[in-house]
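Data file: target-v9.cif. Format and content: mmCIF, C-alpha atoms.
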```
data_structure
loop_
_atom_site.label_atom_id
_atom_site.label_comp_id
_atom_site.auth_asym_id
_atom_site.auth_seq_id
_atom_site.Cartn_x
_atom_site.Cartn_y
_atom_site.Cartn_z
CA MET A 1 200.15 30.48 73.41
CA LYS A 2 198.94 28.61 70.33
CA ASN A 3 195.44 29.96 70.93
CA PHE A 4 196.92 33.45 71.34
CA SER A 5 198.57 33.19 67.91
CA LEU A 6 195.32 32.03 66.30
CA ASN A 7 193.44 34.91 67.91
CA LEU A 8 195.94 37.38 66.45
CA LEU A 9 195.41 35.98 62.96
CA ALA A 10 191.64 36.08 63.40
CA LEU A 11 191.88 39.71 64.50
CA GLY A 12 193.89 40.52 61.37
CA SER A 13 191.29 38.85 59.13
CA LEU A 14 188.49 40.75 60.83
CA THR A 15 190.31 44.06 60.43
CA ALA A 16 190.84 43.42 56.72
CA ALA A 17 187.18 42.45 56.22
CA GLN A 18 186.00 45.62 57.95
CA ALA A 19 188.30 47.72 55.77
CA PHE A 20 186.67 46.48 52.58
CA GLY A 21 183.03 47.00 53.62
CA GLY A 22 180.52 48.98 51.54
CA SER A 23 177.05 48.98 50.03
CA ILE A 24 175.12 49.14 46.76
CA VAL A 25 174.07 52.77 46.27
CA TYR A 26 172.32 52.34 42.91
CA SER A 27 170.89 49.26 41.25
CA ASN A 28 168.70 48.96 38.19
CA THR A 29 169.23 45.26 37.57
CA THR A 30 165.92 43.51 38.29
CA THR A 31 163.43 43.75 35.40
CA ASP A 32 164.81 43.41 31.85
CA ILE A 33 162.53 44.88 29.15
CA ASP A 34 164.49 42.99 26.47
CA GLU A 35 165.63 46.13 24.66
CA SER A 36 168.99 47.86 24.21
CA PHE A 37 169.83 51.56 24.02
CA SER A 38 171.51 51.57 20.62
CA ILE A 39 174.73 53.53 20.39
CA VAL A 40 175.51 53.46 16.67
CA ALA A 41 171.95 53.33 15.29
CA ASN A 42 171.17 56.60 17.08
CA GLY A 43 174.30 58.30 15.77
CA PHE A 44 175.99 58.36 19.18
CA THR A 45 179.50 57.51 20.32
CA GLN A 46 178.38 57.18 23.96
CA VAL A 47 175.11 56.53 25.77
CA GLY A 48 174.19 56.56 29.45
CA ASP A 49 171.79 57.78 32.10
CA GLN A 50 171.38 60.22 34.97
CA ILE A 51 170.99 58.64 38.41
CA GLN A 52 170.52 59.61 42.06
CA LEU A 53 172.26 57.47 44.68
CA ALA A 54 170.78 56.00 47.84
CA GLY A 55 172.39 55.91 51.27
CA THR A 56 175.43 57.93 52.29
CA ASP A 57 178.42 55.93 50.97
CA ARG A 58 180.07 57.98 48.24
CA LEU A 59 183.49 56.44 47.59
CA ALA A 60 182.67 54.38 44.49
CA THR A 61 184.42 51.01 44.35
CA GLN A 62 182.74 49.12 41.50
CA ALA A 63 180.23 49.58 38.68
CA LYS A 64 178.47 46.93 36.64
CA VAL A 65 176.75 47.32 33.26
CA GLU A 66 175.08 44.87 30.91
CA PHE A 67 175.16 44.54 27.12
CA PHE A 68 173.57 42.17 24.60
CA ASN A 69 175.49 40.52 21.77
CA LEU A 70 173.25 39.95 18.75
CA GLY A 71 176.02 38.21 16.83
CA ASP A 72 178.56 35.44 17.28
CA SER A 73 180.68 34.82 20.36
CA GLY A 74 183.79 36.96 20.64
CA THR A 75 185.18 39.92 22.54
CA VAL A 76 184.54 43.65 22.86
CA ASP A 77 186.06 46.64 24.68
CA ALA A 78 183.91 48.95 26.82
CA THR A 79 184.64 52.32 28.45
CA LEU A 80 182.82 53.88 31.42
CA GLN A 81 182.94 57.59 32.26
CA LEU A 82 181.24 59.41 35.14
CA PHE A 83 180.11 63.06 35.00
CA ASN A 84 178.52 65.66 37.21
CA VAL A 85 175.02 66.73 36.25
CA GLY A 86 175.01 69.87 34.09
CA ALA A 87 172.95 71.05 31.14
CA PRO A 88 172.53 68.15 30.77
CA VAL A 89 176.14 66.98 31.46
CA GLY A 90 178.78 68.76 33.51
CA SER A 91 182.43 68.12 34.31
CA GLN A 92 183.92 64.64 34.28
CA ILE A 93 184.51 62.80 37.55
CA GLY A 94 187.89 61.08 37.59
CA SER A 95 189.17 59.36 34.45
CA GLY A 96 187.46 57.03 32.03
CA ILE A 97 187.99 53.32 32.67
CA THR A 98 188.32 50.87 29.78
CA LEU A 99 187.89 47.10 29.93
CA THR A 100 189.48 45.23 27.03
CA GLY A 101 188.70 41.81 25.63
CA ILE A 102 185.39 41.35 27.47
CA SER A 103 183.92 37.94 26.66
CA ALA A 104 180.68 38.39 24.69
CA PRO A 105 178.74 35.12 24.24
CA GLY A 106 176.73 34.93 21.04
CA GLY A 107 173.03 35.79 21.25
CA SER A 108 173.29 36.50 24.95
CA GLU A 109 173.52 39.16 27.63
CA PHE A 110 176.85 39.72 29.34
CA ASP A 111 178.08 41.95 32.16
CA ALA A 112 181.10 44.25 32.35
CA THR A 113 182.40 45.14 35.81
CA PHE A 114 184.55 48.25 36.26
CA ALA A 115 186.80 48.81 39.29
CA LEU A 116 186.49 52.34 40.71
CA PRO A 117 189.12 52.60 43.46
CA ASN A 118 187.44 54.82 46.06
CA LEU A 119 186.37 57.47 43.54
CA MET A 120 184.40 60.22 45.30
CA VAL A 121 181.02 60.74 43.60
CA PRO A 122 178.13 63.16 44.25
CA ASP A 123 174.54 62.24 45.13
CA ASN A 124 173.50 62.86 41.51
CA LEU A 125 175.65 61.87 38.56
CA ILE A 126 175.66 60.71 34.95
CA PHE A 127 177.37 57.61 33.64
CA MET A 128 178.28 57.20 29.97
CA LEU A 129 179.27 54.05 28.08
CA SER A 130 181.01 53.40 24.79
CA ILE A 131 182.04 50.21 22.98
CA ALA A 132 184.94 49.52 20.62
CA ASN A 133 187.07 46.81 19.01
CA GLN A 134 184.37 44.21 18.51
CA SER A 135 185.88 40.99 17.22
CA ALA A 136 184.67 39.46 13.95
CA GLY A 137 181.03 38.39 14.11
CA VAL A 138 180.23 40.23 17.36
CA SER A 139 177.32 42.71 17.24
CA VAL A 140 176.89 44.64 20.49
CA ASP A 141 174.31 47.37 19.95
CA GLY A 142 174.43 49.09 23.32
CA PRO A 143 173.66 48.69 27.03
CA GLU A 144 170.53 46.85 28.12
CA LEU A 145 167.42 48.71 29.30
CA TYR A 146 165.67 47.71 32.53
CA ASN A 147 162.64 48.95 34.44
CA GLY A 148 162.97 51.19 37.49
CA PRO A 149 165.82 50.98 40.00
CA THR A 150 165.36 49.14 43.28
CA ILE A 151 168.13 51.14 44.98
CA GLY A 152 168.44 54.85 44.19
CA THR A 153 166.29 56.68 41.66
CA SER A 154 166.35 57.69 37.99
CA ASP A 155 163.86 59.39 35.66
CA ASN A 156 162.63 56.61 33.35
CA THR A 157 161.54 58.90 30.50
CA PHE A 158 164.99 59.88 29.21
CA ALA A 159 168.58 58.74 28.85
CA ILE A 160 171.72 60.59 27.69
CA GLY A 161 173.46 60.39 24.31
CA TYR A 162 176.71 61.92 23.04
CA ASP A 163 177.39 62.32 19.30
CA GLY A 164 181.04 63.30 19.64
CA THR A 165 180.18 66.99 20.03
CA THR A 166 177.04 67.43 22.14
CA PHE A 167 175.40 65.66 25.07
CA THR A 168 171.65 65.30 24.53
CA LYS A 169 168.71 64.05 26.56
CA VAL A 170 167.07 61.22 24.61
CA MET A 171 163.38 60.49 25.17
CA LEU A 172 162.80 56.74 25.47
CA PRO A 173 159.80 55.10 23.76
CA ASP A 174 159.24 52.77 26.72
CA PRO A 175 159.69 53.84 30.35
CA SER A 176 163.06 52.36 31.28
CA ASN A 177 166.58 53.01 32.56
CA VAL A 178 169.99 51.87 31.40
CA PHE A 179 171.22 48.82 33.35
CA PHE A 180 173.67 50.01 36.00
CA GLU A 181 174.82 49.00 39.45
CA LEU A 182 177.18 51.06 41.61
CA ASP A 183 178.90 49.93 44.80
CA ALA A 184 180.44 52.41 47.21
CA THR A 185 181.97 52.64 50.64
CA SER A 186 182.37 55.34 53.27
CA ALA A 187 185.59 57.10 54.19
CA SER A 188 185.79 55.08 57.42
CA GLN A 189 185.46 51.80 55.51
CA ALA A 190 187.70 52.65 52.57
CA ALA A 191 190.34 50.06 51.71
CA PRO A 192 193.73 50.95 53.25
CA GLU A 193 196.58 52.05 51.02
CA PRO A 194 199.11 49.28 50.14
CA ALA A 195 201.62 50.74 52.61
CA THR A 196 199.05 50.54 55.40
CA LEU A 197 198.19 46.96 54.50
CA GLY A 198 201.89 46.09 54.51
CA LEU A 199 202.36 47.63 57.94
CA MET A 200 199.33 45.74 59.25
CA ALA A 201 200.66 42.45 57.88
CA SER A 202 204.14 43.07 59.27
CA SER A 203 202.73 43.82 62.72
CA LEU A 204 200.65 40.65 62.73
CA ILE A 205 203.60 38.54 61.60
CA GLY A 206 205.77 40.06 64.30
CA LEU A 207 203.17 39.39 66.99
CA ALA A 208 202.70 35.81 65.83
CA ALA A 209 206.48 35.23 65.87
CA PHE A 210 206.67 36.69 69.38
CA ALA A 211 203.91 34.33 70.50
CA ARG A 212 205.72 31.30 69.03
CA MET A 213 208.98 32.31 70.74
CA ARG A 214 207.24 32.59 74.10
CA ALA A 215 205.59 29.21 73.54
CA ARG A 216 208.98 27.57 72.85
CA LYS A 217 210.52 29.15 75.97
CA ALA A 218 207.59 27.96 78.05
CA GLY A 219 208.11 24.41 76.71
CA LEU A 220 211.81 24.45 77.63
CA ARG A 221 211.02 25.49 81.20
CA GLU A 222 208.55 22.64 81.71
#
```

Show me this structure written as structure tokens.
Amino acid sequence: MKNFSLNLLALGSLTAAQAFGGSIVYSNTTTDIDESFSIVANGFTQVGDQIQLAGTDRLATQAKVEFFNLGDSGTVDATLQLFNVGAPVGSQIGSGITLTGISAPGGSEFDATFALPNLMVPDNLIFMLSIANQSAGVSVDGPELYNGPTIGTSDNTFAIGYDGTTFTKVMLPDPSNVFFELDATSASQAAPEPATLGLMASSLIGLAAFARMRARKAGLRE
């Protein structure tokens, strides 16, 4: 019966692992060209890029971007928004997500990772980034630029800027894309709702308790 209880727990762990599966559907994180897409210097409040996703998973779970801090160590806030493709930008997908107090080491690159809880996204989309509340001495110019994506595709001749009124395609002097990585999962792999997880846990606990009770009864009969 002890082995039976252990097998139940192993089954529960496997079920949970399968529920949180997924894949990288876009990644432009390999070759750094050591340049940033300046937000403020170009008169923008947001900058980003248009991308096409690989594979078939379309429930976005996580996005990662990279910035460079030219100044002293400190903190900065960053906001990510996703949009449908339009002329050049269409309707927003979901709500903007803001990370506050991101650690920004001085004179160094740093990543910001945004949680996107199973947000349905299309094959083609636009992501936009903004920065705010830089602590004293911090100087984050904008997201880093990298050469072509290894997963998914993106035109390397332009990016997207927003000046507070109008979205504009911005021609880049060097062929590059804004650093971005997007993870997604399929509907069949999507993480269960908290209520479902609770029910799963309760069932496993009940089964384990039942196994222990049977083991004790078996011991008394011996």

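Reported to one decimal place, the separation of atom CA of A:Pro175 from atom CA of A:Pro149 is 11.8 Å.
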
Pick from A:Ile151, A:Val76, A:Leu116, A:Val85: nearest to A:Ser135, with only C-alpha atoms counted?
->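 Once distances to A:Ser135 are computed over only C-alpha atoms, the minimum belongs to A:Val76.
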
Nearest to A:Asn42 by atom-to-atom distance, counting only C-alpha atoms, from A:Gly161, A:Gly152, A:Pro143, A:Pro173 = A:Gly161

Exercise: A:Pro122 partners within 9 Å, only C-alpha atoms, chain neighbours under 4 positions left out, as number ranges by chain | A: 52-53, 58, 84

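Nearest to A:Leu129 of all the residues A:Ala115, A:Ala78, A:Ile24, A:Leu59 is A:Ala78, based on all atoms listed in the file.
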
Any idea what the distance is between atom CA of A:Leu119 and atom CA of A:Leu99?
->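 The value is 17.2 Å.
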
Pick from A:Val140, A:Asn124, A:Ser23, A:Asn156, whichever lies nearest to A:Gly86 using all atoms listed in the file =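 Counting all atoms listed in the file, the residue closest to A:Gly86 is A:Asn124.
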